[in-house]
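Have a look at query-v7.pdb below; it lists PDB, C-alpha atoms, pLDDT in the B column.
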MODEL        1
ATOM      1  CA  MET A   1     -70.597 169.961  25.866  1.00 79.00           C
ATOM      2  CA  ILE A   2     -70.728 170.429  29.652  1.00 91.00           C
ATOM      3  CA  GLU A   3     -72.825 173.146  31.209  1.00 94.00           C
ATOM      4  CA  MET A   4     -73.596 174.255  34.748  1.00 95.00           C
ATOM      5  CA  GLN A   5     -76.427 176.672  35.433  1.00 95.00           C
ATOM      6  CA  ASP A   6     -76.557 178.379  38.844  1.00 97.00           C
ATOM      7  CA  VAL A   7     -75.197 175.268  40.601  1.00 96.00           C
ATOM      8  CA  THR A   8     -74.906 175.091  44.371  1.00 96.00           C
ATOM      9  CA  LYS A   9     -73.602 172.185  46.431  1.00 96.00           C
ATOM     10  CA  LYS A  10     -74.211 172.034  50.184  1.00 95.00           C
ATOM     11  CA  TYR A  11     -72.965 169.162  52.318  1.00 94.00           C
ATOM     12  CA  PRO A  12     -74.815 167.723  55.341  1.00 93.00           C
ATOM     13  CA  ASN A  13     -72.357 169.466  57.686  1.00 90.00           C
ATOM     14  CA  LYS A  14     -73.712 172.813  56.340  1.00 86.00           C
ATOM     15  CA  THR A  15     -70.586 173.521  54.281  1.00 91.00           C
ATOM     16  CA  THR A  16     -71.379 175.178  50.957  1.00 95.00           C
ATOM     17  CA  ALA A  17     -68.669 174.007  48.559  1.00 95.00           C
ATOM     18  CA  VAL A  18     -70.026 175.560  45.352  1.00 96.00           C
ATOM     19  CA  ARG A  19     -72.098 178.740  45.272  1.00 95.00           C
ATOM     20  CA  GLY A  20     -74.296 179.452  42.247  1.00 95.00           C
ATOM     21  CA  ILE A  21     -71.717 178.554  39.604  1.00 96.00           C
ATOM     22  CA  SER A  22     -72.531 178.843  35.904  1.00 96.00           C
ATOM     23  CA  VAL A  23     -70.073 177.712  33.235  1.00 96.00           C
ATOM     24  CA  HIS A  24     -70.056 176.326  29.693  1.00 95.00           C
ATOM     25  CA  ILE A  25     -67.276 174.111  28.299  1.00 95.00           C
ATOM     26  CA  GLU A  26     -67.221 173.562  24.542  1.00 93.00           C
ATOM     27  CA  GLN A  27     -66.366 170.389  22.657  1.00 92.00           C
ATOM     28  CA  GLY A  28     -62.624 170.026  22.108  1.00 94.00           C
ATOM     29  CA  GLU A  29     -61.510 172.455  24.815  1.00 96.00           C
ATOM     30  CA  PHE A  30     -58.689 171.794  27.261  1.00 97.00           C
ATOM     31  CA  VAL A  31     -59.552 173.454  30.587  1.00 97.00           C
ATOM     32  CA  TYR A  32     -57.514 173.771  33.769  1.00 96.00           C
ATOM     33  CA  VAL A  33     -59.444 174.079  37.026  1.00 96.00           C
ATOM     34  CA  VAL A  34     -57.327 175.661  39.748  1.00 95.00           C
ATOM     35  CA  GLY A  35     -57.775 176.985  43.263  1.00 92.00           C
ATOM     36  CA  PRO A  36     -56.511 176.576  46.818  1.00 90.00           C
ATOM     37  CA  SER A  37     -57.408 173.594  49.007  1.00 86.00           C
ATOM     38  CA  GLY A  38     -60.956 173.940  50.277  1.00 88.00           C
ATOM     39  CA  SER A  39     -61.929 176.273  47.428  1.00 92.00           C
ATOM     40  CA  GLY A  40     -64.601 173.967  45.990  1.00 92.00           C
ATOM     41  CA  LYS A  41     -62.417 172.883  43.072  1.00 92.00           C
ATOM     42  CA  SER A  42     -62.733 169.144  43.739  1.00 91.00           C
ATOM     43  CA  THR A  43     -66.494 169.395  44.240  1.00 94.00           C
ATOM     44  CA  PHE A  44     -66.791 171.336  40.975  1.00 95.00           C
ATOM     45  CA  ILE A  45     -64.961 168.532  39.156  1.00 94.00           C
ATOM     46  CA  LYS A  46     -66.948 165.747  40.848  1.00 93.00           C
ATOM     47  CA  LEU A  47     -70.263 167.336  39.882  1.00 94.00           C
ATOM     48  CA  MET A  48     -69.329 166.829  36.218  1.00 92.00           C
ATOM     49  CA  TYR A  49     -69.257 163.050  36.490  1.00 90.00           C
ATOM     50  CA  ARG A  50     -71.903 162.698  39.216  1.00 90.00           C
ATOM     51  CA  GLU A  51     -69.525 161.613  41.966  1.00 90.00           C
ATOM     52  CA  GLU A  52     -71.289 164.430  43.809  1.00 92.00           C
ATOM     53  CA  LYS A  53     -74.841 165.566  43.187  1.00 92.00           C
ATOM     54  CA  ALA A  54     -75.664 169.268  43.149  1.00 94.00           C
ATOM     55  CA  THR A  55     -78.089 170.636  45.718  1.00 95.00           C
ATOM     56  CA  SER A  56     -79.667 172.981  43.188  1.00 94.00           C
ATOM     57  CA  GLY A  57     -79.224 174.271  39.646  1.00 95.00           C
ATOM     58  CA  LYS A  58     -78.562 172.253  36.493  1.00 94.00           C
ATOM     59  CA  VAL A  59     -75.551 170.167  35.455  1.00 93.00           C
ATOM     60  CA  LEU A  60     -75.908 169.157  31.815  1.00 90.00           C
ATOM     61  CA  ASP A  61     -73.677 166.384  30.454  1.00 83.00           C
ATOM     62  CA  VAL A  62     -72.489 165.826  26.898  1.00 78.00           C
ATOM     63  CA  ALA A  63     -75.835 164.264  25.944  1.00 72.00           C
ATOM     64  CA  ARG A  64     -77.692 167.201  27.561  1.00 80.00           C
ATOM     65  CA  HIS A  65     -78.922 165.026  30.437  1.00 79.00           C
ATOM     66  CA  ASP A  66     -79.399 166.874  33.711  1.00 86.00           C
ATOM     67  CA  LEU A  67     -77.170 165.008  36.171  1.00 88.00           C
ATOM     68  CA  LEU A  68     -79.385 166.047  39.076  1.00 85.00           C
ATOM     69  CA  LYS A  69     -82.177 163.963  37.600  1.00 86.00           C
ATOM     70  CA  ILE A  70     -80.490 160.754  36.456  1.00 85.00           C
ATOM     71  CA  LYS A  71     -80.775 157.704  38.708  1.00 83.00           C
ATOM     72  CA  ASN A  72     -77.757 156.210  40.484  1.00 81.00           C
ATOM     73  CA  LYS A  73     -78.030 153.013  38.420  1.00 81.00           C
ATOM     74  CA  GLU A  74     -77.642 155.096  35.259  1.00 79.00           C
ATOM     75  CA  VAL A  75     -74.335 156.668  36.357  1.00 78.00           C
ATOM     76  CA  PRO A  76     -72.092 153.863  34.929  1.00 71.00           C
ATOM     77  CA  TYR A  77     -73.569 154.553  31.502  1.00 73.00           C
ATOM     78  CA  LEU A  78     -72.623 158.207  31.856  1.00 75.00           C
ATOM     79  CA  ARG A  79     -69.026 156.979  31.658  1.00 69.00           C
ATOM     80  CA  ARG A  80     -69.555 156.144  27.991  1.00 77.00           C
ATOM     81  CA  ASP A  81     -69.351 159.874  27.374  1.00 85.00           C
ATOM     82  CA  VAL A  82     -67.259 160.976  30.367  1.00 90.00           C
ATOM     83  CA  GLY A  83     -63.992 159.274  31.323  1.00 92.00           C
ATOM     84  CA  VAL A  84     -62.279 160.003  34.644  1.00 93.00           C
ATOM     85  CA  VAL A  85     -58.606 159.902  35.683  1.00 94.00           C
ATOM     86  CA  PHE A  86     -57.691 160.134  39.367  1.00 88.00           C
ATOM     87  CA  GLN A  87     -54.582 161.252  41.270  1.00 86.00           C
ATOM     88  CA  ASP A  88     -54.303 157.855  42.995  1.00 89.00           C
ATOM     89  CA  PHE A  89     -55.002 155.824  39.814  1.00 90.00           C
ATOM     90  CA  LYS A  90     -57.746 153.607  41.376  1.00 91.00           C
ATOM     91  CA  LEU A  91     -56.624 150.515  39.486  1.00 95.00           C
ATOM     92  CA  LEU A  92     -57.922 147.083  40.486  1.00 95.00           C
ATOM     93  CA  PRO A  93     -54.893 145.423  42.139  1.00 95.00           C
ATOM     94  CA  ARG A  94     -55.820 141.833  41.295  1.00 96.00           C
ATOM     95  CA  LYS A  95     -56.378 142.533  37.610  1.00 97.00           C
ATOM     96  CA  THR A  96     -53.681 142.844  34.967  1.00 97.00           C
ATOM     97  CA  VAL A  97     -53.158 145.971  32.856  1.00 97.00           C
ATOM     98  CA  TYR A  98     -55.300 144.428  30.113  1.00 97.00           C
ATOM     99  CA  GLU A  99     -58.037 143.377  32.546  1.00 97.00           C
ATOM    100  CA  ASN A 100     -58.177 146.812  34.200  1.00 97.00           C
ATOM    101  CA  VAL A 101     -58.788 148.525  30.874  1.00 96.00           C
ATOM    102  CA  ALA A 102     -61.115 145.819  29.533  1.00 96.00           C
ATOM    103  CA  TYR A 103     -63.273 146.009  32.658  1.00 93.00           C
ATOM    104  CA  ALA A 104     -64.512 149.479  31.664  1.00 91.00           C
ATOM    105  CA  MET A 105     -65.948 147.980  28.479  1.00 91.00           C
ATOM    106  CA  GLN A 106     -67.265 144.818  30.102  1.00 91.00           C
ATOM    107  CA  VAL A 107     -69.467 146.707  32.579  1.00 85.00           C
ATOM    108  CA  ILE A 108     -71.416 148.315  29.732  1.00 84.00           C
ATOM    109  CA  GLY A 109     -71.824 145.042  27.840  1.00 86.00           C
ATOM    110  CA  ARG A 110     -69.385 145.321  24.946  1.00 91.00           C
ATOM    111  CA  LYS A 111     -68.587 142.137  22.997  1.00 95.00           C
ATOM    112  CA  PRO A 112     -65.318 140.245  23.728  1.00 94.00           C
ATOM    113  CA  ARG A 113     -63.929 140.695  20.197  1.00 94.00           C
ATOM    114  CA  GLU A 114     -64.636 144.421  20.303  1.00 95.00           C
ATOM    115  CA  ILE A 115     -63.076 144.669  23.769  1.00 96.00           C
ATOM    116  CA  LYS A 116     -59.838 142.976  22.730  1.00 95.00           C
ATOM    117  CA  LYS A 117     -59.390 145.191  19.659  1.00 96.00           C
ATOM    118  CA  ARG A 118     -60.105 148.454  21.456  1.00 97.00           C
ATOM    119  CA  VAL A 119     -58.065 147.658  24.588  1.00 97.00           C
ATOM    120  CA  MET A 120     -54.993 146.917  22.495  1.00 97.00           C
ATOM    121  CA  GLU A 121     -55.514 150.166  20.564  1.00 95.00           C
ATOM    122  CA  VAL A 122     -55.558 152.332  23.684  1.00 95.00           C
ATOM    123  CA  LEU A 123     -52.675 150.474  25.324  1.00 96.00           C
ATOM    124  CA  ASP A 124     -50.666 151.147  22.189  1.00 95.00           C
ATOM    125  CA  LEU A 125     -51.642 154.834  22.401  1.00 93.00           C
ATOM    126  CA  VAL A 126     -50.384 155.129  25.993  1.00 95.00           C
ATOM    127  CA  GLY A 127     -47.238 153.080  25.272  1.00 94.00           C
ATOM    128  CA  LEU A 128     -48.079 150.033  27.380  1.00 95.00           C
ATOM    129  CA  LYS A 129     -48.962 147.385  24.802  1.00 94.00           C
ATOM    130  CA  HIS A 130     -46.016 145.329  26.062  1.00 95.00           C
ATOM    131  CA  LYS A 131     -47.360 145.317  29.647  1.00 96.00           C
ATOM    132  CA  VAL A 132     -50.730 143.610  29.103  1.00 96.00           C
ATOM    133  CA  ARG A 133     -50.093 140.768  31.571  1.00 97.00           C
ATOM    134  CA  VAL A 134     -48.472 142.902  34.274  1.00 97.00           C
ATOM    135  CA  PHE A 135     -50.228 143.765  37.555  1.00 97.00           C
ATOM    136  CA  PRO A 136     -50.455 147.356  38.900  1.00 96.00           C
ATOM    137  CA  ASN A 137     -47.971 146.769  41.739  1.00 95.00           C
ATOM    138  CA  GLU A 138     -45.338 145.880  39.143  1.00 97.00           C
ATOM    139  CA  LEU A 139     -45.663 149.264  37.424  1.00 96.00           C
ATOM    140  CA  SER A 140     -44.147 152.662  38.140  1.00 95.00           C
ATOM    141  CA  GLY A 141     -46.449 155.527  39.145  1.00 94.00           C
ATOM    142  CA  GLY A 142     -46.313 156.975  35.647  1.00 94.00           C
ATOM    143  CA  GLU A 143     -47.190 153.631  34.100  1.00 96.00           C
ATOM    144  CA  GLN A 144     -50.114 153.199  36.496  1.00 96.00           C
ATOM    145  CA  GLN A 145     -51.414 156.623  35.507  1.00 94.00           C
ATOM    146  CA  ARG A 146     -51.133 155.713  31.830  1.00 94.00           C
ATOM    147  CA  VAL A 147     -53.200 152.580  32.508  1.00 96.00           C
ATOM    148  CA  SER A 148     -55.736 154.802  34.280  1.00 95.00           C
ATOM    149  CA  ILE A 149     -55.871 157.072  31.223  1.00 95.00           C
ATOM    150  CA  ALA A 150     -56.264 154.076  28.903  1.00 95.00           C
ATOM    151  CA  ARG A 151     -59.177 152.831  31.013  1.00 95.00           C
ATOM    152  CA  ALA A 152     -60.768 156.290  30.966  1.00 94.00           C
ATOM    153  CA  ILE A 153     -60.653 156.630  27.174  1.00 94.00           C
ATOM    154  CA  VAL A 154     -61.330 153.018  26.132  1.00 94.00           C
ATOM    155  CA  ASN A 155     -65.044 153.721  25.603  1.00 91.00           C
ATOM    156  CA  THR A 156     -64.162 156.736  23.440  1.00 90.00           C
ATOM    157  CA  PRO A 157     -65.682 159.355  25.750  1.00 91.00           C
ATOM    158  CA  LYS A 158     -66.321 162.863  24.482  1.00 91.00           C
ATOM    159  CA  VAL A 159     -64.979 164.298  27.756  1.00 94.00           C
ATOM    160  CA  LEU A 160     -62.019 163.269  29.900  1.00 95.00           C
ATOM    161  CA  ILE A 161     -61.970 164.623  33.459  1.00 95.00           C
ATOM    162  CA  ALA A 162     -58.566 164.458  35.120  1.00 95.00           C
ATOM    163  CA  ASP A 163     -58.504 165.152  38.866  1.00 92.00           C
ATOM    164  CA  GLU A 164     -54.898 166.054  39.797  1.00 91.00           C
ATOM    165  CA  PRO A 165     -53.494 163.454  37.342  1.00 93.00           C
ATOM    166  CA  THR A 166     -49.860 164.454  37.997  1.00 92.00           C
ATOM    167  CA  GLY A 167     -50.227 164.970  41.753  1.00 88.00           C
ATOM    168  CA  ASN A 168     -48.347 161.809  42.755  1.00 86.00           C
ATOM    169  CA  LEU A 169     -45.753 161.883  39.983  1.00 90.00           C
ATOM    170  CA  ASP A 170     -42.229 163.256  39.647  1.00 91.00           C
ATOM    171  CA  PRO A 171     -41.682 166.205  37.251  1.00 91.00           C
ATOM    172  CA  ASP A 172     -40.373 164.193  34.288  1.00 92.00           C
ATOM    173  CA  THR A 173     -43.231 161.695  34.518  1.00 92.00           C
ATOM    174  CA  SER A 174     -45.716 164.546  34.909  1.00 93.00           C
ATOM    175  CA  TRP A 175     -44.628 165.945  31.548  1.00 95.00           C
ATOM    176  CA  GLU A 176     -45.044 162.523  29.942  1.00 93.00           C
ATOM    177  CA  ILE A 177     -48.625 162.394  31.213  1.00 93.00           C
ATOM    178  CA  MET A 178     -49.312 165.956  30.050  1.00 95.00           C
ATOM    179  CA  ASN A 179     -47.972 165.204  26.570  1.00 94.00           C
ATOM    180  CA  LEU A 180     -50.269 162.174  26.438  1.00 94.00           C
ATOM    181  CA  LEU A 181     -53.261 164.293  27.489  1.00 95.00           C
ATOM    182  CA  GLU A 182     -52.359 166.829  24.792  1.00 95.00           C
ATOM    183  CA  ARG A 183     -52.400 164.074  22.177  1.00 94.00           C
ATOM    184  CA  ILE A 184     -55.810 162.879  23.372  1.00 94.00           C
ATOM    185  CA  ASN A 185     -57.132 166.447  23.282  1.00 96.00           C
ATOM    186  CA  ASN A 186     -55.761 166.929  19.763  1.00 95.00           C
ATOM    187  CA  GLN A 187     -57.857 163.941  18.686  1.00 92.00           C
ATOM    188  CA  GLY A 188     -60.987 165.881  19.690  1.00 93.00           C
ATOM    189  CA  THR A 189     -61.593 164.825  23.308  1.00 94.00           C
ATOM    190  CA  THR A 190     -62.568 167.613  25.692  1.00 95.00           C
ATOM    191  CA  ILE A 191     -60.299 167.637  28.750  1.00 96.00           C
ATOM    192  CA  VAL A 192     -61.108 169.214  32.120  1.00 96.00           C
ATOM    193  CA  MET A 193     -58.139 168.963  34.477  1.00 96.00           C
ATOM    194  CA  ALA A 194     -57.899 169.997  38.118  1.00 94.00           C
ATOM    195  CA  THR A 195     -54.315 170.770  39.067  1.00 93.00           C
ATOM    196  CA  HIS A 196     -52.001 172.399  41.609  1.00 89.00           C
ATOM    197  CA  ASN A 197     -49.047 172.329  39.217  1.00 90.00           C
ATOM    198  CA  LYS A 198     -48.123 175.940  38.414  1.00 90.00           C
ATOM    199  CA  THR A 199     -45.357 174.960  35.991  1.00 92.00           C
ATOM    200  CA  ILE A 200     -47.768 172.948  33.855  1.00 94.00           C
ATOM    201  CA  VAL A 201     -50.420 175.700  33.893  1.00 93.00           C
ATOM    202  CA  ASP A 202     -47.875 178.386  32.960  1.00 92.00           C
ATOM    203  CA  THR A 203     -46.139 176.310  30.275  1.00 93.00           C
ATOM    204  CA  MET A 204     -48.925 174.418  28.536  1.00 93.00           C
ATOM    205  CA  ARG A 205     -51.369 177.277  28.153  1.00 93.00           C
ATOM    206  CA  HIS A 206     -55.081 176.469  28.037  1.00 95.00           C
ATOM    207  CA  ARG A 207     -58.331 177.944  29.298  1.00 96.00           C
ATOM    208  CA  LEU A 208     -58.092 178.618  33.026  1.00 95.00           C
ATOM    209  CA  ILE A 209     -60.987 178.455  35.483  1.00 96.00           C
ATOM    210  CA  ALA A 210     -60.017 179.569  38.995  1.00 95.00           C
ATOM    211  CA  ILE A 211     -62.298 178.759  41.933  1.00 96.00           C
ATOM    212  CA  GLU A 212     -62.071 180.366  45.359  1.00 95.00           C
ATOM    213  CA  ASN A 213     -64.606 180.159  48.197  1.00 94.00           C
ATOM    214  CA  GLY A 214     -66.961 178.179  45.982  1.00 95.00           C
ATOM    215  CA  LEU A 215     -67.063 180.829  43.261  1.00 96.00           C
ATOM    216  CA  ILE A 216     -65.457 181.167  39.835  1.00 96.00           C
ATOM    217  CA  VAL A 217     -63.150 184.160  40.239  1.00 94.00           C
ATOM    218  CA  ARG A 218     -61.396 183.863  36.873  1.00 93.00           C
ATOM    219  CA  ASP A 219     -62.329 182.298  33.548  1.00 94.00           C
ATOM    220  CA  GLU A 220     -60.055 183.198  30.680  1.00 91.00           C
ATOM    221  CA  ALA A 221     -58.658 181.722  27.489  1.00 88.00           C
ATOM    222  CA  GLU A 222     -55.252 181.178  29.075  1.00 74.00           C
ATOM    223  CA  GLY A 223     -53.246 182.622  31.913  1.00 68.00           C
ATOM    224  CA  GLU A 224     -50.910 182.144  34.849  1.00 67.00           C
ATOM    225  CA  TYR A 225     -52.095 181.424  38.380  1.00 71.00           C
ATOM    226  CA  GLU A 226     -50.419 182.039  41.723  1.00 71.00           C
ATOM    227  CA  PHE A 227     -51.015 178.968  43.888  1.00 65.00           C
ATOM    228  CA  ASP A 228     -51.229 179.653  47.609  1.00 64.00           C
ATOM    229  CA  ASP A 229     -50.602 176.068  48.725  1.00 52.00           C
TER     230      ASP A 229
ENDMDL
END
Can the structure in the file be given as structure tokens, please?
Amino acid sequence: MIEMQDVTKKYPNKTTAVRGISVHIEQGEFVYVVGPSGSGKSTFIKLMYREEKATSGKVLDVARHDLLKIKNKEVPYLRRDVGVVFQDFKLLPRKTVYENVAYAMQVIGRKPREIKKRVMEVLDLVGLKHKVRVFPNELSGGEQQRVSIARAIVNTPKVLIADEPTGNLDPDTSWEIMNLLERINNQGTTIVMATHNKTIVDTMRHRLIAIENGLIVRDEAEGEYEFDD
């Protein structure tokens, strides 16, 4: 589903964020990626959706494309198979809830009738069908994150990458988002989630990949993790 083979990422300032990492994530898995700040965790996640490009090695996406070799103009089409959810939502402030979600389908050329049907389906899934005409600044943080999730899954991706999706949310709202991600995973979508939330990791047990100093130091079916920061 997603595979890295001996992947290294060096930045222009000579920092090596990822050091020869190899990992395989199967279809349908739910994977936590954990590690202290500066560990290489964020770079590891960004390599999966080509926000960052590896210096060496292979990063194979769900269609077995090597992400080191695809052109920048092809990256938006990668998002057909890989959806992304961010800590800070990244919603378009001048677009309504409906327009934010629809935009992800418009950029890859889907037909208006298809867009309307699918957008309403995913907004119903995330519990925001009644907020279609509302703008992001009129929503709570949890609602904005649910819009972000709807946008990420509207093209029915095989993989959903969530980069600290509960980082800006209160505990109760965080659990709402986690329950939604569980439902999406149960429908067959692979989820890779970077997190600092120990309570979530210890309670909702899933495969755990721990990264420290640019290396995978733990990779196990499930487990607890002691966060240093």
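Under the PyMOL selection byres ((chain A and resi 49-55) around 7), the matching residues in the shown file are A:Val7, A:Thr8, A:Lys9, A:Lys10, A:Thr43, A:Lys46, A:Leu47, A:Met48, A:Ser56, A:Leu67, A:Leu68, A:Val82.
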If you apply the PyMOL selection byres ((chain A and resi 93-103) around 9) to this file, what residues do you get, as a PDB file with C-alpha atoms, in the frame of the given file?
ATOM      1  CA  LYS A  90     -57.746 153.607  41.376  1.00 91.00           C
ATOM      2  CA  LEU A  91     -56.624 150.515  39.486  1.00 95.00           C
ATOM      3  CA  LEU A  92     -57.922 147.083  40.486  1.00 95.00           C
ATOM      4  CA  ALA A 104     -64.512 149.479  31.664  1.00 91.00           C
ATOM      5  CA  MET A 105     -65.948 147.980  28.479  1.00 91.00           C
ATOM      6  CA  GLN A 106     -67.265 144.818  30.102  1.00 91.00           C
ATOM      7  CA  VAL A 107     -69.467 146.707  32.579  1.00 85.00           C
ATOM      8  CA  ILE A 108     -71.416 148.315  29.732  1.00 84.00           C
ATOM      9  CA  ILE A 115     -63.076 144.669  23.769  1.00 96.00           C
ATOM     10  CA  LYS A 116     -59.838 142.976  22.730  1.00 95.00           C
ATOM     11  CA  ARG A 118     -60.105 148.454  21.456  1.00 97.00           C
ATOM     12  CA  VAL A 119     -58.065 147.658  24.588  1.00 97.00           C
ATOM     13  CA  MET A 120     -54.993 146.917  22.495  1.00 97.00           C
ATOM     14  CA  VAL A 122     -55.558 152.332  23.684  1.00 95.00           C
ATOM     15  CA  LEU A 123     -52.675 150.474  25.324  1.00 96.00           C
ATOM     16  CA  LEU A 128     -48.079 150.033  27.380  1.00 95.00           C
ATOM     17  CA  LYS A 129     -48.962 147.385  24.802  1.00 94.00           C
ATOM     18  CA  LYS A 131     -47.360 145.317  29.647  1.00 96.00           C
ATOM     19  CA  VAL A 132     -50.730 143.610  29.103  1.00 96.00           C
ATOM     20  CA  ARG A 133     -50.093 140.768  31.571  1.00 97.00           C
ATOM     21  CA  VAL A 134     -48.472 142.902  34.274  1.00 97.00           C
ATOM     22  CA  PHE A 135     -50.228 143.765  37.555  1.00 97.00           C
ATOM     23  CA  PRO A 136     -50.455 147.356  38.900  1.00 96.00           C
ATOM     24  CA  ASN A 137     -47.971 146.769  41.739  1.00 95.00           C
ATOM     25  CA  GLN A 144     -50.114 153.199  36.496  1.00 96.00           C
ATOM     26  CA  VAL A 147     -53.200 152.580  32.508  1.00 96.00           C
ATOM     27  CA  SER A 148     -55.736 154.802  34.280  1.00 95.00           C
ATOM     28  CA  ALA A 150     -56.264 154.076  28.903  1.00 95.00           C
ATOM     29  CA  ARG A 151     -59.177 152.831  31.013  1.00 95.00           C
ATOM     30  CA  ALA A 152     -60.768 156.290  30.966  1.00 94.00           C
ATOM     31  CA  VAL A 154     -61.330 153.018  26.132  1.00 94.00           C
TER      32      VAL A 154
END
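Atom pair atom CA of Asn186 of chain A / atom CA of Phe30 of chain A has a distance of 9.4 Å (rounded to one decimal).
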Please return as a VMD selection string every residue within 7 Å of (-58.3, 172.5, 29.9), taking into account all atoms listed in the file and the file's own coordinates. chain A and resid 29 to 32 191 to 193 206 to 208
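Here atom CA of Lys58 of chain A and atom CA of Ile21 of chain A stand 9.8 Å from one another.
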What is the atom CA of Ile161 of chain A-atom CA of Pro12 of chain A distance in Å, reported with one decimal? 25.6 Å
Rank nothing, just name the residue among A:Val84, A:Val34, A:Val18, A:Ile149 nearest to Asp202 of chain A, using only C-alpha atoms. A:Val34
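Using all atoms listed in the file, the nearest neighbour of Ile184 of chain A within the list A:Gly142, A:Leu78, A:Val126, A:Asp219 is A:Val126.
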Explicit residues for the PyMOL selection byres ((chain A and resi 17) around 10) (as a PDB file with C-alpha atoms, in the frame of the given file):
ATOM      1  CA  THR A   8     -74.906 175.091  44.371  1.00 96.00           C
ATOM      2  CA  LYS A   9     -73.602 172.185  46.431  1.00 96.00           C
ATOM      3  CA  LYS A  10     -74.211 172.034  50.184  1.00 95.00           C
ATOM      4  CA  TYR A  11     -72.965 169.162  52.318  1.00 94.00           C
ATOM      5  CA  LYS A  14     -73.712 172.813  56.340  1.00 86.00           C
ATOM      6  CA  THR A  15     -70.586 173.521  54.281  1.00 91.00           C
ATOM      7  CA  THR A  16     -71.379 175.178  50.957  1.00 95.00           C
ATOM      8  CA  VAL A  18     -70.026 175.560  45.352  1.00 96.00           C
ATOM      9  CA  ARG A  19     -72.098 178.740  45.272  1.00 95.00           C
ATOM     10  CA  GLY A  38     -60.956 173.940  50.277  1.00 88.00           C
ATOM     11  CA  SER A  39     -61.929 176.273  47.428  1.00 92.00           C
ATOM     12  CA  GLY A  40     -64.601 173.967  45.990  1.00 92.00           C
ATOM     13  CA  LYS A  41     -62.417 172.883  43.072  1.00 92.00           C
ATOM     14  CA  SER A  42     -62.733 169.144  43.739  1.00 91.00           C
ATOM     15  CA  THR A  43     -66.494 169.395  44.240  1.00 94.00           C
ATOM     16  CA  PHE A  44     -66.791 171.336  40.975  1.00 95.00           C
ATOM     17  CA  GLU A 212     -62.071 180.366  45.359  1.00 95.00           C
ATOM     18  CA  ASN A 213     -64.606 180.159  48.197  1.00 94.00           C
ATOM     19  CA  GLY A 214     -66.961 178.179  45.982  1.00 95.00           C
ATOM     20  CA  LEU A 215     -67.063 180.829  43.261  1.00 96.00           C
TER      21      LEU A 215
END
Considering only C-alpha atoms, return as a ChimeraX atom specification whatever protein or nucleic-acid residues lie within 8 Å of His196 of chain A, sequence-local ones (same chain, fewer than 6 positions apart) excluded. /A:34-35,164,167,227
Could you write out that same residue set with C-alpha atoms as a compact mmCIF listing (two decimals), keeping the file's coordinate frame?
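The resulting file, out03.txt, is shown below:
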# COMPACT_ATOMS: atom_id res chain seq x y z
CA VAL A 34 -57.33 175.66 39.75
CA GLY A 35 -57.78 176.98 43.26
CA GLU A 164 -54.90 166.05 39.80
CA GLY A 167 -50.23 164.97 41.75
CA PHE A 227 -51.02 178.97 43.89
Counting all atoms listed in the file, the residue among A:Ser140, A:Asn155, A:Gln5, A:Ser37 that lies closest to Tyr77 of chain A is A:Asn155
Counting only C-alpha atoms, which residue out of A:Asn72, A:Met178, A:Glu121, A:Glu3 sits closest to Ala162 of chain A? A:Met178
Could you tell me which of A:Gly28, A:Gly141, A:Gly20, A:Pro112 comes closest to Glu182 of chain A if we count only C-alpha atoms? A:Gly28
Restricting to all atoms listed in the file, whichever of A:Asp6, A:Lys71, A:Val23, A:Asp81 is closest to Pro157 of chain A is A:Asp81
